[in-house]
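Read the structure below first, then the notes.
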2 protein chains.
Amino acid sequence: MENLLSIIALGGLEEIGMNMTVMEYGDDMIIIDAGLMFPKEDMLGIDFVIPDFSYVLENRDKLRGIILTHGHEDHTGALPFLLKQVNVPVYGTPLTLGLVREKLKEHKLDTVELISKMPREKVELGVFTIEFIRVTHSIVDGVGFGIKTPVGYLVHTGDFKLDPTPVDGQLMDFHKFTEYGELGTLLLLSDSTNAEKGGYTFSEKEVRRAFEEIFAEAKGRIIIATFASNIHRIQQAIDVAVMFNRKVILSGRSMVSNAQIALDLGYLRIPENTWLKLEDLKNLDDKDVVIITTGSQGEPMSVLSRIAIGEHKNIKIKEGDVVILSAKVIPGNENSIGSIINHLFRRGADVIYEKVSEIHVSGHASKEELKLMLNLVRPKYFMPVHGEHRHKVYHARLAEKTGIPKSNIFLLDNGSVLEVSEESVAQNGKVTSGRIYVDGKGVGDVEDMVLRDRRRLAHDGIVIVILAIEKLTGSIVSGPDIISRGFIFEDASQEVINDVKELVYTTLKGLDSEMIADKSLVQAKIRSVLKKYLRNTMERMPMIMPIIYEV
Amino acid sequence: MENLLSIIALGGLEEIGMNMTVMEYGDDMIIIDAGLMFPKEDMLGIDFVIPDFSYVLENRDKLRGIILTHGHEDHTGALPFLLKQVNVPVYGTPLTLGLVREKLKEHKLDTVELISKMPREKVELGVFTIEFIRVTHSIVDGVGFGIKTPVGYLVHTGDFKLDPTPVDGQLMDFHKFTEYGELGTLLLLSDSTNAEKGGYTFSEKEVRRAFEEIFAEAKGRIIIATFASNIHRIQQAIDVAVMFNRKVILSGRSMVSNAQIALDLGYLRIPENTWLKLEDLKNLDDKDVVIITTGSQGEPMSVLSRIAIGEHKNIKIKEGDVVILSAKVIPGNENSIGSIINHLFRRGADVIYEKVSEIHVSGHASKEELKLMLNLVRPKYFMPVHGEHRHKVYHARLAEKTGIPKSNIFLLDNGSVLEVSEESVAQNGKVTSGRIYVDGKGVGDVEDMVLRDRRRLAHDGIVIVILAIEKLTGSIVSGPDIISRGFIFEDASQEVINDVKELVYTTLKGLDSEMIADKSLVQAKIRSVLKKYLRNTMERMPMIMPIIYEV
């Protein structure tokens, strides 16, 4: 495979999140992003998911460096796990690295080499020359990449939208993208997140208008919940607070930490004497306060959740408070967010949320913007990235409309190898890929079988049958005793437990002593009898666990 | 409480679903609707939820009858459970009773007296005279009620929207609602489901336009998934199928059964030789087929789910198939629906869903319609129903805007008693209310404690510690043995299991024999030591269950 460039996404082609793309030519390999994915509802107890990067580890000698598009966790969250196993420099813009540095510290990875690059700067990694190109997105300091390779030019957009009026005034670098179009780009990899959405995504500045209207009306405190990484949003909240002579209090660990990083690096502008501490709250008039915090997704331990149920030490909701949930509702979180809104209303606050006001805009390009990007870069080949299959399908349709032949568009899965030569592009084979579940401190020790057990336990609980058998005679020395958890409310349903006990007893009596001597046979028998019984009488299928003690 | 009317909602004031309202005066009681609620994500393993109607049972001698607004399960699903315990007639329109009859049959409640009433007919139940008033909604044959009581007139809207062009041509009875306005209505109870939504809800007919566009383009089979109760939607799919010379196949038990009921009662019009059987599919050209089925919410056992993953016996997706998900995405179902869409795309179908096309409209009134209803009935007092707290808050704001004083608007909880006299309305006390979980055949045997256990098991699984102790000496005869489920993948993490075993062993060795003789003390000790250890080393908190066998 000497004159072939291989492009392999280890994540981000079958999900929103877990973005990670490998590029490999000869003895050189680079990685673009290494992100995590937040768990879906059926990944019970999982904290987050990272890509299986064993392919990188097998080829670690080739790895020249990791380049980052921006600081969101779906692009950087797997870095600590990767950097524990490979030692290469990481390249990114200042804010991206500021956020990553903080994360690496938590993982005691202080010695990783983080190399800051500004947009329009280049970095050479083996045969690859990567140019950083500024994009607009829902975090500051985002970039895409123009990549010179031995087979031709590649463009990777990273996450982007085309915001003509970004909050920080840092415009999308249309000129660079067109330059790569003019140079003749072989392959474009572009963000598919919003490929289902028609039209244009609104500018982040639109949120300011909504904020101004709300601030103008508000008589009491204003509490704004948003993502801690959304520096633009925080900036706008601060700007409008200053406009209305309100002081700002930031609350929540990640909110304070991210704001401090952005402030130190010059990405957040806060006039003096505006950012006060939570302790100052009691000395301020309600009409002089804006509290910016996290918890917009209804996370149970967040500041906002604790405020909503009256368990926050310093912030108690009262009549006149206005709470703004300035974030998208991530699918699966509707009910927990809804519950917080209900609680806040009950305590007397007015609550403003996506459904009833324009207090959020997306950070991802909609159909018209995606087509414009395709027009600017006018690649010969196209590979939609960052999305589930349906997002890639919609993005591919847009590409076809802009004139790229269907045969030049590649809808790949995680791990698929795209082989790129000067003349042609083709999919060829797969490398190891998959999802690694992170649960607490465990990385990969929970697999699908464990999740299946958790789902089963979640659905109908567990019934444990305990008995002691005399090994020689096969007679029951003690038991059967029944313990259940998550099955039924035993205090009120003692007769069910008694029925189960009776059934096990009868079943055992029906076995001859030779069978009873075979522990695994007895266990199987108890399992099958109880399973059938509980399904028929109760329509439930708890996990059944017979524990037999042989005396 | 002689001259007081009591109004008590036993459900529907703190949730979408579980609608049930009791009205009581002297020795007479009536019930409006008895619905179920589908479980939220944290109600693990629960099939559905019904209101605690023990207040009705305590007063069963007073109960004169149950009146139904329409046939949706959130208004009728608790009926079988209620009718097992009380024997009163049930009043409703023909289709409503048709659907209820089917449900009661399943519960072997064939002898319940079902009394059919047409819109503008009246029924006298004790001191109450109830008039049926036609409304438009996402099911045919829906009604609200005008109720004459000793203290004055009441209006209950049921679920409604103001559809000026209903599919069946049966218009909203504006004239009756205005008549009650003219008579002087004391209290209005009105549907709050869409009170957060601005403007007007589109007519069901708008969906037809989208269907026509899709049918005109489609070259292969068309598969439409929707709710089995949405007879209007099914009618429109059939009408457009006929227009494009396609045959219709209905698939899914509830779809076929509901369509048959609606057809028999004259609510569904299907030209002869249009409704074919699934077996006829193989004899039809793809371009001549429309399949109408259920599964629009991604329910794992539904026809659509089985089609999506290639496990349906008769329907295999192929290039050219068009699948339309013609239903709202119920919060919490986004990911399972998304997954079905991805599967269908992968198998070559084109998939059309709410996010990308106008193939669904709501059945509930938006803000402008709700204000119009308030204008028509112009009640002195107002009680928003059918909603979570936030929906009631928004509905109350609309009522204030139409001129009802805030002090005349009642935001009540389930079980709250609203006392109504000719002169005044006031909240006074509460009756027993709550949520009863139905899990399989069990009604109420799963309580919050069981759900807490299920959530815990779901999150981190269970670790069972088994050991045998000689009672007298306190020495360990066998064990400790460790069995876990849903905790870690044991095959790959044997060292964790060994560490746990070792820790239990050391802990027991550290106890004096007197302590070991106390079984519950040993259990508590094992629990606390393991809990701390697993939290510190793994950040996990599985359920820990020590089982000690005393020899």
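Each chain of the structure tokens is named A, B, ... in the order shown, its residues numbered from 1; ligands are numbered from 1 in display order.
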
Restrict the calculation to only C-alpha atoms, then for each residue of chain A with any atom at most 6 Å from an atom of chain B give the closest atom pair and their distance in Å to one decimal, rows by chain and rising residue number, as a Markdown table.
| residue | atom | partner | partner_atom | distance |
| --- | --- | --- | --- | --- |
| A:Leu44 | CA | B:His459 | CA | 5.4 |
| A:Gly45 | CA | B:His459 | CA | 3.8 |
| A:Pro331 | CA | B:Glu334 | CA | 5.7 |
| A:Gly332 | CA | B:Gly332 | CA | 4.8 |
| A:Glu334 | CA | B:Pro331 | CA | 5.8 |
| A:Asn342 | CA | B:Arg390 | CA | 5.3 |
| A:His389 | CA | B:Asn342 | CA | 5.3 |
| A:Arg390 | CA | B:Asn342 | CA | 5.3 |
| A:Gly440 | CA | B:Glu539 | CA | 4.5 |
| A:Lys441 | CA | B:Met538 | CA | 4.7 |
| A:Asp445 | CA | B:Phe489 | CA | 5.5 |
| A:Val446 | CA | B:Ile488 | CA | 5.1 |
| A:Val450 | CA | B:Gly486 | CA | 4.5 |
| A:Asp453 | CA | B:Gly486 | CA | 4.9 |
| A:Arg454 | CA | B:Ala458 | CA | 4.7 |
| A:Leu457 | CA | B:Leu457 | CA | 5.9 |
| A:Ala458 | CA | B:Ala458 | CA | 4.6 |
| A:His459 | CA | B:Gly45 | CA | 3.8 |
| A:Asp460 | CA | B:Gly45 | CA | 5.8 |
| A:Gly461 | CA | B:Arg454 | CA | 5.9 |
| A:Gly486 | CA | B:Val450 | CA | 4.5 |
| A:Ile488 | CA | B:Val446 | CA | 5.1 |
| A:Phe489 | CA | B:Val446 | CA | 5.5 |
| A:Met538 | CA | B:Lys441 | CA | 4.7 |
| A:Glu539 | CA | B:Gly440 | CA | 4.5 |
| A:Arg540 | CA | B:Gly440 | CA | 5.9 |

- Pick out the residues sitting within 7 Å of region 68-84 of chain B, and hand them over as a ChimeraX atom specification; count only C-alpha atoms, and ignore anything fewer than 5 positions along from it in its own chain. /B:17-19,32-37,50,91-92,96,99-100,104,107,141-144,158,229

- Message: Quick one: residues within 12 Å of Leu183 (chain A), only C-alpha atoms, excluding same-chain residues fewer than 5 positions away - as a list in words?
- Response: Gly146, Ile147, Lys148, Gly152, Tyr153, Leu154, Val155, Lys176, Phe177, Thr178, Leu376, Val377, Arg378, Pro379 and Lys380 of chain A

Kindly save the residues from that selection, with N, CA, C and O atoms included, as a PDB file, in the first residue's frame.
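Result file result36.pdb:
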ATOM      1  N   GLY A 146      -6.888  22.114   6.187  1.00  0.00           N
ATOM      2  CA  GLY A 146      -6.490  21.831   4.813  1.00  0.00           C
ATOM      3  C   GLY A 146      -5.238  20.971   4.918  1.00  0.00           C
ATOM      4  O   GLY A 146      -4.281  21.339   5.600  1.00  0.00           O
ATOM      5  N   ILE A 147      -5.265  19.798   4.304  1.00  0.00           N
ATOM      6  CA  ILE A 147      -4.159  18.858   4.509  1.00  0.00           C
ATOM      7  C   ILE A 147      -3.518  18.502   3.171  1.00  0.00           C
ATOM      8  O   ILE A 147      -4.186  18.005   2.252  1.00  0.00           O
ATOM      9  N   LYS A 148      -2.227  18.808   3.081  1.00  0.00           N
ATOM     10  CA  LYS A 148      -1.480  18.416   1.890  1.00  0.00           C
ATOM     11  C   LYS A 148      -0.924  17.018   2.113  1.00  0.00           C
ATOM     12  O   LYS A 148      -0.262  16.766   3.134  1.00  0.00           O
ATOM     13  N   GLY A 152      -2.620  14.261  -2.769  1.00  0.00           N
ATOM     14  CA  GLY A 152      -3.411  15.440  -3.113  1.00  0.00           C
ATOM     15  C   GLY A 152      -3.888  16.176  -1.871  1.00  0.00           C
ATOM     16  O   GLY A 152      -3.517  15.820  -0.740  1.00  0.00           O
ATOM     17  N   TYR A 153      -4.723  17.178  -2.114  1.00  0.00           N
ATOM     18  CA  TYR A 153      -5.226  17.971  -0.997  1.00  0.00           C
ATOM     19  C   TYR A 153      -6.511  17.383  -0.420  1.00  0.00           C
ATOM     20  O   TYR A 153      -7.382  16.914  -1.156  1.00  0.00           O
ATOM     21  N   LEU A 154      -6.593  17.450   0.900  1.00  0.00           N
ATOM     22  CA  LEU A 154      -7.801  17.027   1.618  1.00  0.00           C
ATOM     23  C   LEU A 154      -8.294  18.203   2.450  1.00  0.00           C
ATOM     24  O   LEU A 154      -7.479  18.985   2.957  1.00  0.00           O
ATOM     25  N   VAL A 155      -9.606  18.295   2.632  1.00  0.00           N
ATOM     26  CA  VAL A 155     -10.136  19.289   3.571  1.00  0.00           C
ATOM     27  C   VAL A 155     -11.044  18.575   4.574  1.00  0.00           C
ATOM     28  O   VAL A 155     -11.883  17.759   4.196  1.00  0.00           O
ATOM     29  N   LYS A 176      -9.691  30.806   2.759  1.00  0.00           N
ATOM     30  CA  LYS A 176      -8.856  29.605   2.760  1.00  0.00           C
ATOM     31  C   LYS A 176      -9.595  28.416   2.144  1.00  0.00           C
ATOM     32  O   LYS A 176      -9.026  27.642   1.386  1.00  0.00           O
ATOM     33  N   PHE A 177     -10.886  28.287   2.516  1.00  0.00           N
ATOM     34  CA  PHE A 177     -11.632  27.156   1.947  1.00  0.00           C
ATOM     35  C   PHE A 177     -11.698  27.274   0.417  1.00  0.00           C
ATOM     36  O   PHE A 177     -11.536  26.296  -0.297  1.00  0.00           O
ATOM     37  N   THR A 178     -11.899  28.508  -0.071  1.00  0.00           N
ATOM     38  CA  THR A 178     -11.933  28.673  -1.534  1.00  0.00           C
ATOM     39  C   THR A 178     -10.557  28.414  -2.128  1.00  0.00           C
ATOM     40  O   THR A 178     -10.441  27.878  -3.233  1.00  0.00           O
ATOM     41  N   LEU A 376     -17.653  25.722  -2.222  1.00  0.00           N
ATOM     42  CA  LEU A 376     -16.378  26.422  -2.035  1.00  0.00           C
ATOM     43  C   LEU A 376     -15.202  25.483  -2.244  1.00  0.00           C
ATOM     44  O   LEU A 376     -14.230  25.803  -2.919  1.00  0.00           O
ATOM     45  N   VAL A 377     -15.290  24.313  -1.661  1.00  0.00           N
ATOM     46  CA  VAL A 377     -14.150  23.383  -1.699  1.00  0.00           C
ATOM     47  C   VAL A 377     -14.176  22.546  -2.992  1.00  0.00           C
ATOM     48  O   VAL A 377     -13.148  22.048  -3.435  1.00  0.00           O
ATOM     49  N   ARG A 378     -15.345  22.437  -3.584  1.00  0.00           N
ATOM     50  CA  ARG A 378     -15.595  21.652  -4.809  1.00  0.00           C
ATOM     51  C   ARG A 378     -14.661  20.442  -4.951  1.00  0.00           C
ATOM     52  O   ARG A 378     -13.840  20.367  -5.876  1.00  0.00           O
ATOM     53  N   PRO A 379     -14.784  19.493  -3.996  1.00  0.00           N
ATOM     54  CA  PRO A 379     -13.890  18.334  -3.998  1.00  0.00           C
ATOM     55  C   PRO A 379     -14.291  17.347  -5.090  1.00  0.00           C
ATOM     56  O   PRO A 379     -15.435  17.343  -5.541  1.00  0.00           O
ATOM     57  N   LYS A 380     -13.328  16.512  -5.473  1.00  0.00           N
ATOM     58  CA  LYS A 380     -13.649  15.450  -6.426  1.00  0.00           C
ATOM     59  C   LYS A 380     -14.419  14.338  -5.716  1.00  0.00           C
ATOM     60  O   LYS A 380     -15.376  13.785  -6.248  1.00  0.00           O
TER      61      LYS A 380
END

- Any idea what's packed within 6 Å of region 110-116 of chain B, counting only C-alpha atoms, ignoring anything in its chain fewer than 3 positions away? Could you give it as a ChimeraX atom specification? /B:89-94,105

- Message: Please list as a list in words every residue within 9 Å of Val529 (chain A), counting only C-alpha atoms and excluding residues in the same chain fewer than 5 positions away.
- Response: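 Returned residues: Leu503, Val504, Thr507, Ala524 and Leu534 of chain A.
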
Include N, CA and C atoms and write out the residues we just selected as a PDB file, in the first residue's frame.
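As a result, again.pdb now contains:
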ATOM      1  N   LEU A 503     -43.224 -23.554  45.053  1.00  0.00           N
ATOM      2  CA  LEU A 503     -42.978 -24.122  43.740  1.00  0.00           C
ATOM      3  C   LEU A 503     -41.578 -24.744  43.669  1.00  0.00           C
ATOM      4  N   VAL A 504     -40.594 -24.038  44.201  1.00  0.00           N
ATOM      5  CA  VAL A 504     -39.224 -24.575  44.203  1.00  0.00           C
ATOM      6  C   VAL A 504     -39.183 -25.863  45.027  1.00  0.00           C
ATOM      7  N   THR A 507     -40.817 -28.672  43.169  1.00  0.00           N
ATOM      8  CA  THR A 507     -39.959 -29.068  42.052  1.00  0.00           C
ATOM      9  C   THR A 507     -38.825 -29.968  42.532  1.00  0.00           C
ATOM     10  N   ALA A 524     -30.474 -25.274  36.840  1.00  0.00           N
ATOM     11  CA  ALA A 524     -31.164 -25.109  35.557  1.00  0.00           C
ATOM     12  C   ALA A 524     -32.649 -25.382  35.707  1.00  0.00           C
ATOM     13  N   LEU A 534     -43.362 -17.428  36.494  1.00  0.00           N
ATOM     14  CA  LEU A 534     -43.488 -15.980  36.654  1.00  0.00           C
ATOM     15  C   LEU A 534     -43.980 -15.314  35.366  1.00  0.00           C
TER      16      LEU A 534
END

- Query: Out of region 349-448 of chain A, which residues get strand (DSSP E) from DSSP, as number ranges by chain?
  - Reply: A: 350-352, 381-385, 416-420, 425-430, 435-439, 442-443

Mind writing the picked residues with C-alpha atoms as a CSV table (one decimal), in the first residue's frame?
chain,number,residue,atom,x,y,z
A,350,ASP,CA,-40.8,32.3,35.3
A,351,VAL,CA,-39.0,29.7,33.1
A,352,ILE,CA,-38.0,30.4,29.5
A,381,TYR,CA,-14.6,13.0,-3.7
A,382,PHE,CA,-16.8,13.4,-0.7
A,383,MET,CA,-17.1,11.7,2.7
A,384,PRO,CA,-19.7,12.9,5.1
A,385,VAL,CA,-18.6,12.6,8.7
A,416,SER,CA,-13.9,1.2,7.2
A,417,VAL,CA,-10.7,1.9,5.2
A,418,LEU,CA,-10.9,4.5,2.5
A,419,GLU,CA,-8.0,4.1,0.2
A,420,VAL,CA,-7.0,7.3,-1.7
A,425,VAL,CA,-10.7,6.6,-4.1
A,426,ALA,CA,-12.2,3.3,-3.0
A,427,GLN,CA,-13.3,1.6,0.2
A,428,ASN,CA,-11.2,-1.4,1.0
A,429,GLY,CA,-11.6,-3.5,4.1
A,430,LYS,CA,-12.0,-2.7,7.7
A,435,ARG,CA,-17.3,1.3,21.3
A,436,ILE,CA,-15.5,1.2,24.7
A,437,TYR,CA,-17.7,1.9,27.7
A,438,VAL,CA,-16.3,4.0,30.5
A,439,ASP,CA,-18.1,3.4,33.8
A,442,GLY,CA,-13.4,1.2,34.5
A,443,VAL,CA,-12.6,1.5,30.9

- Message: Applying 10 Å and only C-alpha atoms, which residues near Lys367 (chain A) remain after dropping the ones on its own chain fewer than 3 positions away? List them as a list of chain:residue names.
- Response: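 Using only C-alpha atoms, the neighbours found are A:Ser192, A:Asn194, A:Ala195, A:Glu196, A:Lys197, A:Gly198, A:Gly199, A:Tyr200, A:Thr201, A:His364, A:Leu370, A:Lys371, A:Leu372, A:Met373, A:Tyr394, A:His395, A:Leu398.
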
- Item | DSSP-assigned alpha helix (DSSP H) among region 161-256 of chain A, expressed as a ChimeraX atom specification | /A:174-183,205-217,231-243,253-256

Go ahead and save the picked residues with C-alpha atoms, as a CSV table (one decimal), in the first residue's frame.
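Output below, filename out_0.csv:
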chain,number,residue,atom,x,y,z
A,174,PHE,CA,-14.0,31.5,3.5
A,175,HIS,CA,-10.9,32.6,1.7
A,176,LYS,CA,-8.9,29.6,2.8
A,177,PHE,CA,-11.6,27.2,1.9
A,178,THR,CA,-11.9,28.7,-1.5
A,179,GLU,CA,-8.1,28.5,-1.9
A,180,TYR,CA,-8.3,24.8,-1.3
A,181,GLY,CA,-11.1,24.7,-3.9
A,182,GLU,CA,-8.9,26.5,-6.3
A,183,LEU,CA,-5.9,24.2,-5.6
A,205,LYS,CA,-26.1,36.8,17.7
A,206,GLU,CA,-29.8,36.0,17.4
A,207,VAL,CA,-29.7,34.7,21.0
A,208,ARG,CA,-28.6,38.2,22.2
A,209,ARG,CA,-31.9,39.7,20.9
A,210,ALA,CA,-33.9,37.1,22.9
A,211,PHE,CA,-31.7,37.8,26.0
A,212,GLU,CA,-32.3,41.6,25.7
A,213,GLU,CA,-36.0,41.2,25.5
A,214,ILE,CA,-36.0,39.0,28.6
A,215,PHE,CA,-33.7,41.2,30.6
A,216,ALA,CA,-35.8,44.3,29.7
A,217,GLU,CA,-38.9,42.6,31.3
A,231,ILE,CA,-18.1,30.7,25.7
A,232,HIS,CA,-20.0,32.7,23.0
A,233,ARG,CA,-23.2,32.2,24.9
A,234,ILE,CA,-21.6,33.1,28.2
A,235,GLN,CA,-20.1,36.2,26.6
A,236,GLN,CA,-23.5,37.3,25.3
A,237,ALA,CA,-25.1,36.8,28.7
A,238,ILE,CA,-22.3,38.9,30.3
A,239,ASP,CA,-22.7,41.6,27.6
A,240,VAL,CA,-26.4,41.9,28.1
A,241,ALA,CA,-25.9,41.8,31.9
A,242,VAL,CA,-23.5,44.8,31.7
A,243,MET,CA,-26.0,46.6,29.4
A,253,ARG,CA,-17.3,23.8,38.7
A,254,SER,CA,-17.0,23.4,34.9
A,255,MET,CA,-18.6,26.8,34.3
A,256,VAL,CA,-16.2,28.6,36.5

- Message: Show me, as JSON, numbers by chain, the residues that have an atom within 9 Å of Glu354 (chain B) when counting only C-alpha atoms, minus same-chain residues fewer than 6 positions from it.
- Response: {"B": [324, 325, 326, 327, 328, 329, 360]}

Can I get the selected residues back with N, CA and C atoms, as a compact mmCIF listing (two decimals), in the first residue's frame?
# COMPACT_ATOMS: atom_id res chain seq x y z
N ILE B 324 -42.79 6.15 5.66
CA ILE B 324 -43.22 7.42 6.25
C ILE B 324 -43.55 7.19 7.72
N LEU B 325 -42.85 7.90 8.61
CA LEU B 325 -43.20 7.86 10.02
C LEU B 325 -44.14 9.02 10.28
N SER B 326 -45.44 8.75 10.23
CA SER B 326 -46.43 9.81 10.30
C SER B 326 -46.97 9.93 11.72
N ALA B 327 -46.12 10.42 12.61
CA ALA B 327 -46.51 10.55 14.01
C ALA B 327 -45.54 11.47 14.70
N LYS B 328 -45.97 12.02 15.81
CA LYS B 328 -45.07 12.83 16.61
C LYS B 328 -44.05 11.92 17.29
N VAL B 329 -42.88 12.46 17.55
CA VAL B 329 -41.89 11.73 18.34
C VAL B 329 -42.19 12.02 19.81
N HIS B 360 -46.90 15.06 9.93
CA HIS B 360 -47.68 14.91 11.15
C HIS B 360 -48.17 16.27 11.62

- Can you tell me how far CA of Ser520 (chain A) sits from CA of Gly479 (chain B), in Å to one decimal? 17.8 Å

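Interatomic distance, CA of Ser433 (chain A) to CA of Leu187 (chain A): 22.6 Å.
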
- Please indicate the distance in Å from CA of Pro51 (chain B) to CA of Arg64 (chain B), rounded to one decimal place.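 Computing it gives 19.4 Å between the two atoms.
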
- Item | For Glu423 (chain B), the nearest of the candidates B:Thr293, B:Thr402, B:Thr473, B:Asn408, counting only C-alpha atoms | B:Asn408
